[in-house]
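A.B. asks: Structure provided below as structure tokens; questions to follow.
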Amino acid sequence: MPYVPHTPEDIRRMLEVIGAPSVESLFAEIGPELRPKSFNLPKGESEMDVLAHMEELAEKNVRASMSFLGAGFYDHHIPSAVDALSMRSEFYTAYTPYQPEASQGSLQAIFEYQTAVTRLTGLPYANASVYDGGTALFEAAMMAVRHTGRRKLVVCEAVSPIYRVMLNTYTTNLHLTLVTVPHKKGACDLAALAAAIDAETAAVIVQNPNFFGTVADFTALFDATRAAGAVSIVSVYPVLQAVLKTPAEMGADIATAEGQSLGLPLSFGGPYLGVMTCSKELIRQMPGRIVGRTVDTQGRTGYVLTLQAREQHIRRQRATSNICSNQALCALRALLYLCLVGQEGLTRTANLCLERAHYAAERLTAIPGVELLSGCAPFGNEFAVTLPVNAYQVIDKLTGRGVVPGFPLGRYYAGLENALLVACTEKTSMESIGIFAEMLRGCLK
Amino acid sequence: MIPNDLKYAKSHEWAKIEGDVATIGITQFAQEQLGDLTFIDLPKAGAALTAGQEMGSVESVKAASEIYAPVSGTVLEINAALENAPEAVNQDPYGAGWMLKVKLSAEPADLLDAAAYADVCAAEAH
Amino acid sequence: MNTVFKSSVPGREGIWPAKPEKSAADLLPGALLRGGATNLPSLSELDVVRHFTNLSRQNYGVDGNFYPLGSCTMKYNPKFAETAAALPGFTRLHPVLPQLKGAGRLCQGALEVLYETERLLCEICGMKAFTLQPMAGAHGELTGVMIIAAYHRDKGNKKTKIIVPDSAHGTNPASAHIAGFDVVNLTTRDGIIEPDELAKVLDDDVAGMMMTCPNTLGLFERNLPKIVEMLRSVDALLYYDGANLNAIMGKMRVGDVGFDVVHLNLHKTFATPHGGGGPGAGPVGVSERLAPYLPISRVEKLEDGQFFLNYDYPKSIGYIAPFYGNFGVVLKAYAYILRLGGAGLSRATECAVLAANYLRKRLDKVLEVPFNRTCMHEFVASACNMSDCHVRALDIAKALLDRGYHAPTIYFPLIVKEALMFEPTETESLETLDTFADDLIDILKEAEKDPEALTGAPRTLPVTRLDETRAARNMELTDDL
């Protein structure tokens with residue numbers, strides 16, 4: 001059997017030491033009435049055959065020649081060294097660093113990851129990651145609920161609907177009230193958000209850029225939130241944090257992010273990375289694992305999991321969260337990405353994304369009947385256009401020709417059936433934008 | 001080493017009652033069980049306490065425990081020094097490690113004297 | 001080692017893309033822009049490669065070190081699965097593709113992987129349906145308990161409590177709490193659940209019980225049929241924590257014996273690497289009566305063989321993940337299951353149990369084994385017998401690190417004092433088990449002669465014991481604090 005090293009002679013010797021007549025006798029406590037009714041699994045196959053099968057399945061995923069699909073998940077370049085280093089088995093075959101002396105590699109890397117993400121958002125504290133951007137937003141909301149003792153969450157409708165449906169599901173049994181404040185043509189309605197805050201509000205939740213790609217300054221809203229004794233939560237797109245005003249500069253208490261764009265492939269939805277950073281006031285409410293710096297018995301610097309008294313293995317049902325395994329290897333990849341591209345590389349990447357998206361917007365809106373949904377509202381790497389026809393019609397036609405034109409906003413927003421969300425990254429060439437614009441023009445004729 | 005001039009709750013808090021003011025902390029036994037404290041979460045001045053109800057928590061590296069109010073009343077003062085030096089509770093639980101001063105709203109009830117509390121500790125140690 | 005930030009040299013070129021012609025300042029109002037620089041490091045590729053290569057050398061992993069960490073199933077992670085998961089045909093796939101009309105053909109292979117993996121897990125566990133969405137074991141627990149809550153709500157049952165045995169993983173009560181339940185602790189006796197103890201806490205308010213079987217002591221719950229019957233009598237559901245599934249594959253299917261919900265840990269039983277703490281994957285399987293409550297979307301197959309996502313489940317608990325779970329992890333588990341097949345999975349279980357019993361017998365003369373009978377895939381010893389020489393479980397763990405082994409799980413389960421929990425797994429050879437046992441026996445002998453040899457361990461690693469109190473008090477959580 002593959003990966004099981006025991007020879008018949010080994011097994012005989014082991015049974016002799018145990019004093020058992022057979023391997024099967026070790027399972028005597030599982031009585032006949034408890035045995036499987038069936039176990040009809042395929043026969044095992046050779047490594048070569050399984051790989052051939054996997055390749056065949058991979059090839060069934062027909063490749064699009066170009067894609068403008070984003071919706072919060074983006075196709076960025078991943079430096080080769082990210083793969084090479086994250087695949088070092090000392091990192092990827094280790095468990096959670098429960099024995100710190102034998103895990104300084106993982107621990108220091110997480111510490112450096114915590115440092116890197118706090119530098120992106122400007123808030124001073126971070127945890128070692130949670131599952132994804134949606135979970136991060138839910139956990140942030142729960143931090144606010146515990147911190148304030150209040151049970152109402154004010155959520156901007158322009159926050160990713162993918163996160164909002166998760167928030168709905170997670171809060172089902174928790175007796176929380178979710179108040180959704182409608183967007184205004186794809187932009188956050190700052191006045192309505194401020195007006196929705198009351199004495200029961202635990203948190204205000206916004207996204208920057210929001211799901212429509214629109215960028216805003218939330219400073220005044222966060223001031224109002226603080227004045228009402230509530231917590232400000234903003235979900236950000238980490239690549240654009242190289243150039244956009246930081247959550248800290250706006251006065252946010254918690255900033256979360258989907259970290260996929262930092263060195264993780266799209267990989268059909270996961271594994272991704274939930275980034276969480278917060279102010280000093282809220283660190284005790286932070287869920288999940290956190291690494292801290294300390295010294296050993298000889299005074300040398302070392303790293304340990306810390307503030308564990310918040311966690312489930314000590315607090316059980318009173319823990320800040322049930323999160324245990326997180327996305328440590330993904331956090332390592334994000335750190336590797338940020339170190340490899342560095343300050344200048346990330347700034348260039350952010351600027352390239354903006355430049356390409358703005359060029360694409362210019363080309364697409366030159367087509368008769370195609371307009372920016374948010375008018376002149378500023379946007380980042382993604383923008384929404386309204387079309388003279390249903391967006392699905394365009395998607396259907398163009399994907400048939402190998403081009404995925406974007407995301408149909410009507411899927412989540414009633415009344416926006418004609419709106420298409422278009423994303424660019426540094427990998428989107430000016431040339432491909434031109435081709436796409438011409439194809440769209442042709443398709444709308 | 002259980003001071004005779006204090007009253008005790010079964011949940012290992014002590015109270016020193018002087019007129020209508022009580023000073024509150026956790027006992028030597030409690031701090032030994034928890035180990036080196038790293039964080040103490042206390043109510044704010046002005047908060048109302050009800051005897052027997054949770055009023056805060058203490059954390060060490062490997063443990064966490066809720067603290068229950070041994071008396072009912074209003075918090076007059078908290079020991080601000082504990083925020084940056086929780087070790088005071090380990091070093092001197094009945095002195096520098098005091099946590100709150102409370103203005104009593106009701107006569108304290110169901111508190112143990114030193115001898116009865118010593119029995120509680122002896123029973124739990126086994 | 002210095003942090004990577006300390007090595008930064010301003011101006012040094014990393015993996016930079018071409019310089020754009022426009023920048024944010026040209027395209028956005030100044031009020032929306034960042035004031036200061038990110039202060040990310042400026043390093044050459046080699047700077048980064050060397051830093052992280054050196055960091056990796058400060059880590060133990062399964063490839064380099066025997067890792068008998070109880071309850072974590074640190075078996076070998078076959079390399080071919082990494083090859084399979086890294087195929088560009090999978091990694092490039094955008095997750096919203098199947099939601100676009102006409103784009104389903106761009107991801108048929110991926111949907112097939114999800115569909116087939118669910119079918120395989122159903123057969124392994126005897127369950128009706130599976131979801132692959134939960135992204136870790138604890139996430140699976142939460143999903144499972146939310147399904148229990150949805151079932152009772154739908155039936156109009158007013159149930160408020162979940163029973164969790166005292167031997168359970170700490171995530172169980174935490175997950176039950178987050179799903180809105182009160183947690184009722186169940187005391188085990190002689191290592192297992194006894195019906196009379198269960199009867200004391202079982203009433204009509206109980207929505208379900210979370211069980212680990214074999215439990216965290218590595219013991220099979222002998223009263224399982226009676227427990228199932230008792231829970232059924234109050235319409236309470238039985239949850240199976242799959243952390244220990246490696247003990248029963250092919251020997252028992254949880255669906256057949258009366259469990260209603262199960263979560264698995266693909267990163268334990270199905271050999272996907274732990275990654276230093278994740279990503280894992282915690283698929284959840286359910287019996288027929290709970291299938292309507294599974295999270296959406298569900299992957300389904302049309303008569304023409306095409307796969308699609310079905311969102312039309314009005315009783316579903318909703319969305320617990322942005323998409324279909326940790327797909328990259330699922331791919332590796334799928335490849336592993338195909339490689340081993342039914343017989344290979346059963347064999348893995350048999351040899352895991354054989355190895356645990358062998359190690360138990362090798363060690364039960366030098367360490368106390370509180371429940372010293374045939375165990376399943378792991379067993380719990382206690383260092384209490386070493387207290388005369390003032391040596392604790394922690395010291396033994398640290399001494400093992402010095403000899404190149406990862407330590408067993410210590411101080412868990414909470415019901416055994418000075419617990420040392422060993423799980424050798426099926427992939428470790430007899431030679432490894434023997435050398436490990438010999439070394440551990442040697443360590444204990446050394447402890448009797450010179451306890452300080454242990455209390456001062458480890459000595460050969462990059463750091464000695466670390467001051468955890470200082471870490472928690474100072475909260476130096478980034479390089480900038």
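We label chains A, B, ... in the order they appear in the structure tokens, count residues from 1 in each chain, and number ligands from 1 in the order shown.
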Which residues of chain C are close to chain B, meaning at most 7 Å apart when you count only C-alpha atoms, and how do they look as a list in words?
C.D. replies: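 Selected residues: Glu468, Thr469, Ala472 and Arg473 of chain C.
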A.B. asks: Distance table requested - chain A against chain B, cut-off 9 Å, only C-alpha atoms: one row per qualifying residue with the closest atom pair and its distance in Å to one decimal, ordered by chain and rising residue number, as CSV.
C.D. replies:
residue,atom,partner,partner_atom,distance
A:Thr306,CA,B:Val61,CA,7.6
A:Leu307,CA,B:Val61,CA,7.0
A:Gln308,CA,B:Val61,CA,6.7
A:Ala309,CA,B:Ala64,CA,5.5
A:Arg310,CA,B:Ala64,CA,7.9
A:Ile314,CA,B:Ala63,CA,6.1
A:Arg315,CA,B:Ala64,CA,6.7
A.B. asks: As an exercise, work out the distance from CA of Val385 in chain A to CA of Glu431 in chain A in Å and give it to one decimal place.
C.D. replies: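 A separation of 19.9 Å between them.
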A.B. asks: Between B:Thr50, B:Ser72, B:Gln33, B:Ser11, which is the closest to Pro108 in chain B once you count only C-alpha atoms?
C.D. replies: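 Looking only at the distances to Pro108 in chain B, the closest residue turns out to be B:Ser72.
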A.B. asks: Can you measure CA of Tyr163 in chain A to CA of Glu139 in chain A for me? One decimal in Å is fine.
C.D. replies: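 Interatomic distance, CA of Tyr163 in chain A to CA of Glu139 in chain A: 11.6 Å.
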A.B. asks: Neighbouring residues of range 235-245 of chain A were defined as those with any atom within 8 Å, considering only C-alpha atoms; residues of the same chain fewer than 3 positions away were excluded. Please report them as a PyMOL selection string.
C.D. replies: (chain A and resi 72+120-121+133+137+205-209+217+249-250+255-259+261-262+343+346-347+349-351+380) or (chain C and resi 24+31-35+37-38)
A.B. asks: DSSP on the backbone: which residues in range 99-234 of chain C end up as strand (DSSP E or B)? Give the answer as a list in words.
C.D. replies: Ala129, Phe130, Thr131, Lys161, Ile162, Ile163, Val164, Pro165, Asp182, Val183, Val184, Asn185, Leu186, Arg189, Ile192, Val206, Ala207, Gly208, Met209, Met210 and Met211 of chain C
A.B. asks: In range 197-411 of chain A, what's helix (DSSP H, G or I) per DSSP? Answer as a ChimeraX atom specification?
C.D. replies: /A:219-227,238-242,247-250,259-261,267-269,280-285,308-310,312-318,328-365,391-399,409-411
A.B. asks: Might you pull out every residue within 10 Å of Ile248 in chain C, with only C-alpha atoms counted and same-chain residues fewer than 2 positions away left off, and present them as a PyMOL selection string?
C.D. replies: (chain A and resi 27+30+35) or (chain C and resi 124-125+213-214+220+244-246+250-254+345-346+348-350+352-353+376-377)
A.B. asks: Deliver the residues from the most recent selection as a file, using N, CA and C atoms, as a PDB file, in the first residue's frame.
C.D. replies:
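Just written: result.pdb:
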ATOM      1  N   PHE A  27      -9.611  -4.057  16.500  1.00  0.00           N
ATOM      2  CA  PHE A  27     -10.874  -3.353  16.244  1.00  0.00           C
ATOM      3  C   PHE A  27     -12.074  -4.079  16.859  1.00  0.00           C
ATOM      4  N   ILE A  30     -15.374  -2.454  17.972  1.00  0.00           N
ATOM      5  CA  ILE A  30     -16.381  -2.042  16.987  1.00  0.00           C
ATOM      6  C   ILE A  30     -17.155  -3.306  16.615  1.00  0.00           C
ATOM      7  N   ARG A  35     -20.416  -2.279  11.944  1.00  0.00           N
ATOM      8  CA  ARG A  35     -19.520  -2.335  10.780  1.00  0.00           C
ATOM      9  C   ARG A  35     -20.191  -1.707   9.537  1.00  0.00           C
TER      10      ARG A  35
ATOM     11  N   ILE C 124     -17.283   7.046   2.184  1.00  0.00           N
ATOM     12  CA  ILE C 124     -16.364   6.753   3.295  1.00  0.00           C
ATOM     13  C   ILE C 124     -17.092   6.865   4.635  1.00  0.00           C
ATOM     14  N   CYS C 125     -18.016   7.816   4.730  1.00  0.00           N
ATOM     15  CA  CYS C 125     -18.658   8.102   6.022  1.00  0.00           C
ATOM     16  C   CYS C 125     -20.081   7.560   6.129  1.00  0.00           C
ATOM     17  N   CYS C 213     -15.114  10.090  18.311  1.00  0.00           N
ATOM     18  CA  CYS C 213     -15.116   8.630  18.499  1.00  0.00           C
ATOM     19  C   CYS C 213     -14.198   7.954  17.479  1.00  0.00           C
ATOM     20  N   PRO C 214     -13.089   7.323  17.874  1.00  0.00           N
ATOM     21  CA  PRO C 214     -12.619   7.249  19.248  1.00  0.00           C
ATOM     22  C   PRO C 214     -12.402   8.634  19.819  1.00  0.00           C
ATOM     23  N   PHE C 220     -12.332   3.823  22.000  1.00  0.00           N
ATOM     24  CA  PHE C 220     -13.603   3.695  21.296  1.00  0.00           C
ATOM     25  C   PHE C 220     -14.732   3.859  22.308  1.00  0.00           C
ATOM     26  N   ASN C 244     -10.658  12.383  14.546  1.00  0.00           N
ATOM     27  CA  ASN C 244     -10.063  11.060  14.734  1.00  0.00           C
ATOM     28  C   ASN C 244     -10.544  10.029  13.717  1.00  0.00           C
ATOM     29  N   LEU C 245     -10.979  10.494  12.568  1.00  0.00           N
ATOM     30  CA  LEU C 245     -11.481   9.560  11.545  1.00  0.00           C
ATOM     31  C   LEU C 245     -10.409   8.569  11.098  1.00  0.00           C
ATOM     32  N   ASN C 246      -9.141   8.936  11.249  1.00  0.00           N
ATOM     33  CA  ASN C 246      -8.084   8.037  10.791  1.00  0.00           C
ATOM     34  C   ASN C 246      -8.129   6.696  11.531  1.00  0.00           C
ATOM     35  N   GLY C 250     -13.142   2.379   6.950  1.00  0.00           N
ATOM     36  CA  GLY C 250     -13.369   1.004   6.509  1.00  0.00           C
ATOM     37  C   GLY C 250     -13.796   0.074   7.632  1.00  0.00           C
ATOM     38  N   LYS C 251     -13.762   0.567   8.866  1.00  0.00           N
ATOM     39  CA  LYS C 251     -14.157  -0.266  10.014  1.00  0.00           C
ATOM     40  C   LYS C 251     -15.530   0.126  10.538  1.00  0.00           C
ATOM     41  N   MET C 252     -15.860   1.385  10.377  1.00  0.00           N
ATOM     42  CA  MET C 252     -17.156   1.874  10.815  1.00  0.00           C
ATOM     43  C   MET C 252     -17.476   3.112   9.994  1.00  0.00           C
ATOM     44  N   ARG C 253     -18.735   3.236   9.596  1.00  0.00           N
ATOM     45  CA  ARG C 253     -19.139   4.467   8.908  1.00  0.00           C
ATOM     46  C   ARG C 253     -20.101   5.213   9.823  1.00  0.00           C
ATOM     47  N   VAL C 254     -19.787   6.474  10.056  1.00  0.00           N
ATOM     48  CA  VAL C 254     -20.531   7.201  11.087  1.00  0.00           C
ATOM     49  C   VAL C 254     -22.019   7.306  10.744  1.00  0.00           C
ATOM     50  N   LEU C 345      -7.299   3.040   2.092  1.00  0.00           N
ATOM     51  CA  LEU C 345      -7.782   3.813   3.238  1.00  0.00           C
ATOM     52  C   LEU C 345      -7.953   2.909   4.464  1.00  0.00           C
ATOM     53  N   SER C 346      -8.534   1.725   4.238  1.00  0.00           N
ATOM     54  CA  SER C 346      -8.681   0.775   5.351  1.00  0.00           C
ATOM     55  C   SER C 346      -7.315   0.393   5.905  1.00  0.00           C
ATOM     56  N   ALA C 348      -4.622   2.145   5.818  1.00  0.00           N
ATOM     57  CA  ALA C 348      -4.074   3.288   6.553  1.00  0.00           C
ATOM     58  C   ALA C 348      -4.595   3.259   7.994  1.00  0.00           C
ATOM     59  N   THR C 349      -5.898   3.043   8.134  1.00  0.00           N
ATOM     60  CA  THR C 349      -6.496   2.960   9.473  1.00  0.00           C
ATOM     61  C   THR C 349      -5.890   1.811  10.272  1.00  0.00           C
ATOM     62  N   GLU C 350      -5.793   0.645   9.640  1.00  0.00           N
ATOM     63  CA  GLU C 350      -5.271  -0.528  10.363  1.00  0.00           C
ATOM     64  C   GLU C 350      -3.859  -0.270  10.874  1.00  0.00           C
ATOM     65  N   ALA C 352      -2.391   2.619  11.323  1.00  0.00           N
ATOM     66  CA  ALA C 352      -2.367   3.710  12.299  1.00  0.00           C
ATOM     67  C   ALA C 352      -2.672   3.161  13.685  1.00  0.00           C
ATOM     68  N   VAL C 353      -3.661   2.272  13.760  1.00  0.00           N
ATOM     69  CA  VAL C 353      -4.044   1.679  15.043  1.00  0.00           C
ATOM     70  C   VAL C 353      -2.960   0.718  15.537  1.00  0.00           C
ATOM     71  N   MET C 376      -7.113   3.075  19.912  1.00  0.00           N
ATOM     72  CA  MET C 376      -7.299   3.180  18.474  1.00  0.00           C
ATOM     73  C   MET C 376      -6.040   3.824  17.879  1.00  0.00           C
ATOM     74  N   HIS C 377      -6.166   4.961  17.221  1.00  0.00           N
ATOM     75  CA  HIS C 377      -5.025   5.519  16.489  1.00  0.00           C
ATOM     76  C   HIS C 377      -4.095   6.352  17.358  1.00  0.00           C
TER      77      HIS C 377
END
A.B. asks: Report, in Å with one decimal, the straight-line distance from CA of Pro95 in chain C to CA of Gly269 in chain A.
C.D. replies: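 So the answer is 4.7 Å.
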A.B. asks: Excluding Lys301 in chain C and its own-chain neighbours fewer than 3 positions away, which residues fall within 10 Å of it when counting only C-alpha atoms? Please give them as a PDB file with C-alpha atoms, in the first residue's frame.
C.D. replies:
ATOM      1  CA  LEU C 111     -16.912  21.240 -10.594  1.00  0.00           C
ATOM      2  CA  GLU C 112     -16.372  17.566 -11.332  1.00  0.00           C
ATOM      3  CA  TYR C 115     -18.842  16.626  -7.093  1.00  0.00           C
ATOM      4  CA  ASP C 304     -26.144  15.329 -19.985  1.00  0.00           C
ATOM      5  CA  GLY C 305     -23.194  14.993 -17.607  1.00  0.00           C
ATOM      6  CA  GLN C 306     -22.661  18.739 -17.159  1.00  0.00           C
ATOM      7  CA  PHE C 307     -22.010  20.020 -13.654  1.00  0.00           C
ATOM      8  CA  PHE C 308     -23.650  23.143 -12.271  1.00  0.00           C
ATOM      9  CA  LEU C 309     -24.255  25.002  -9.019  1.00  0.00           C
ATOM     10  CA  ASN C 310     -27.682  24.779  -7.470  1.00  0.00           C
TER      11      ASN C 310
END
A.B. asks: Might you pull out every residue within 8 Å of Leu132 in chain C, with only C-alpha atoms counted and same-chain residues fewer than 6 positions away left off, and present them as a ChimeraX atom specification?
C.D. replies: /C:114,118,281-284,324-326,330
A.B. asks: Selected residues, all heavy atoms, written as a compact mmCIF listing (two decimals), in the first residue's frame, please.
C.D. replies:
# COMPACT_ATOMS: atom_id res chain seq x y z
N LEU C 114 -15.19 18.71 -7.31
CA LEU C 114 -16.02 18.94 -6.12
C LEU C 114 -17.09 17.86 -5.99
O LEU C 114 -17.30 17.28 -4.92
CB LEU C 114 -16.68 20.33 -6.19
CG LEU C 114 -15.75 21.54 -6.15
CD1 LEU C 114 -16.52 22.83 -6.38
CD2 LEU C 114 -14.99 21.63 -4.83
N GLU C 118 -17.20 14.93 -3.03
CA GLU C 118 -18.35 14.79 -2.14
C GLU C 118 -18.89 13.36 -2.16
O GLU C 118 -19.20 12.80 -1.11
CB GLU C 118 -19.47 15.77 -2.55
CG GLU C 118 -19.16 17.22 -2.22
CD GLU C 118 -20.26 18.20 -2.60
OE1 GLU C 118 -21.35 17.75 -3.05
OE2 GLU C 118 -20.03 19.40 -2.47
N ALA C 281 -9.11 22.02 5.68
CA ALA C 281 -10.43 21.96 5.07
C ALA C 281 -11.28 21.08 5.97
O ALA C 281 -10.81 20.04 6.43
CB ALA C 281 -10.39 21.40 3.65
N GLY C 282 -12.52 21.50 6.24
CA GLY C 282 -13.37 20.77 7.18
C GLY C 282 -14.72 20.42 6.61
O GLY C 282 -15.75 20.84 7.14
N PRO C 283 -14.76 19.62 5.52
CA PRO C 283 -16.05 19.25 4.91
C PRO C 283 -17.04 18.70 5.92
O PRO C 283 -16.64 18.06 6.89
CB PRO C 283 -15.68 18.15 3.91
CG PRO C 283 -14.23 18.31 3.67
CD PRO C 283 -13.65 18.92 4.89
N VAL C 284 -18.31 18.93 5.67
CA VAL C 284 -19.37 18.46 6.56
C VAL C 284 -20.31 17.54 5.80
O VAL C 284 -20.79 17.88 4.72
CB VAL C 284 -20.14 19.66 7.16
CG1 VAL C 284 -21.44 19.21 7.83
CG2 VAL C 284 -19.26 20.39 8.17
N TYR C 324 -16.42 27.71 -2.67
CA TYR C 324 -16.61 26.26 -2.55
C TYR C 324 -15.62 25.67 -1.55
O TYR C 324 -15.28 24.50 -1.62
CB TYR C 324 -16.48 25.60 -3.93
CG TYR C 324 -16.96 26.56 -5.00
CD1 TYR C 324 -16.05 27.19 -5.86
CD2 TYR C 324 -18.32 26.88 -5.09
CE1 TYR C 324 -16.50 28.13 -6.78
CE2 TYR C 324 -18.76 27.82 -6.02
CZ TYR C 324 -17.84 28.44 -6.86
OH TYR C 324 -18.29 29.37 -7.75
N GLY C 325 -15.13 26.49 -0.63
CA GLY C 325 -14.16 26.01 0.35
C GLY C 325 -12.74 26.17 -0.16
O GLY C 325 -12.49 26.85 -1.15
N ASN C 326 -11.82 25.54 0.57
CA ASN C 326 -10.41 25.61 0.18
C ASN C 326 -10.14 24.62 -0.95
O ASN C 326 -9.62 23.52 -0.74
CB ASN C 326 -9.51 25.35 1.40
CG ASN C 326 -9.38 26.57 2.28
OD1 ASN C 326 -9.61 27.70 1.83
ND2 ASN C 326 -9.03 26.37 3.53
N VAL C 330 -8.88 20.65 -1.24
CA VAL C 330 -9.78 19.58 -1.68
C VAL C 330 -9.14 18.76 -2.80
O VAL C 330 -9.21 17.53 -2.82
CB VAL C 330 -11.13 20.17 -2.13
CG1 VAL C 330 -11.99 19.11 -2.82
CG2 VAL C 330 -11.87 20.78 -0.95
A.B. asks: Excluding range 368-379 of chain A and any residue of its chain fewer than 6 positions from it, enumerate the residues within 6 Å of it, using only C-alpha atoms, and give them as a list in words.
C.D. replies: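 Close residues of range 368-379 of chain A: Lys185, Gly186, Gly213, Thr214, Val215, Val385, Thr386, Leu387 and Pro388 of chain A.
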A.B. asks: So, with only C-alpha atoms as the atoms that count, which of A:His77, A:Pro21, A:Phe68, A:Thr294 lies closest to chain C?
C.D. replies: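 Looking only at the distances to chain C, the closest residue turns out to be A:Thr294.
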A.B. asks: Could you check the closest approach to Val380 in chain C for each of C:Leu69, C:Ser429, C:Leu461, C:Gly280 and tell me which residue wins, using only C-alpha atoms?
C.D. replies: C:Leu69
A.B. asks: Pick the closest to chain C from A:Val304, A:Val275, A:Ala357, A:Leu190: which is it, counting only C-alpha atoms?
C.D. replies: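 Among the listed residues, A:Val304 lies closest to chain C.
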A.B. asks: Given the choices A:Ser325, A:Leu336, A:His147, A:Gln285, which gets closest to Ala81 in chain A if the distance is worked out from only C-alpha atoms?
C.D. replies: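 Using only C-alpha atoms, the shortest distance to Ala81 in chain A belongs to A:Leu336.
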A.B. asks: Here is a test: counting only C-alpha atoms, which residue of A:Thr96, A:Thr172, A:Thr135, A:Ser232 is nearest to chain C?
C.D. replies: A:Thr96
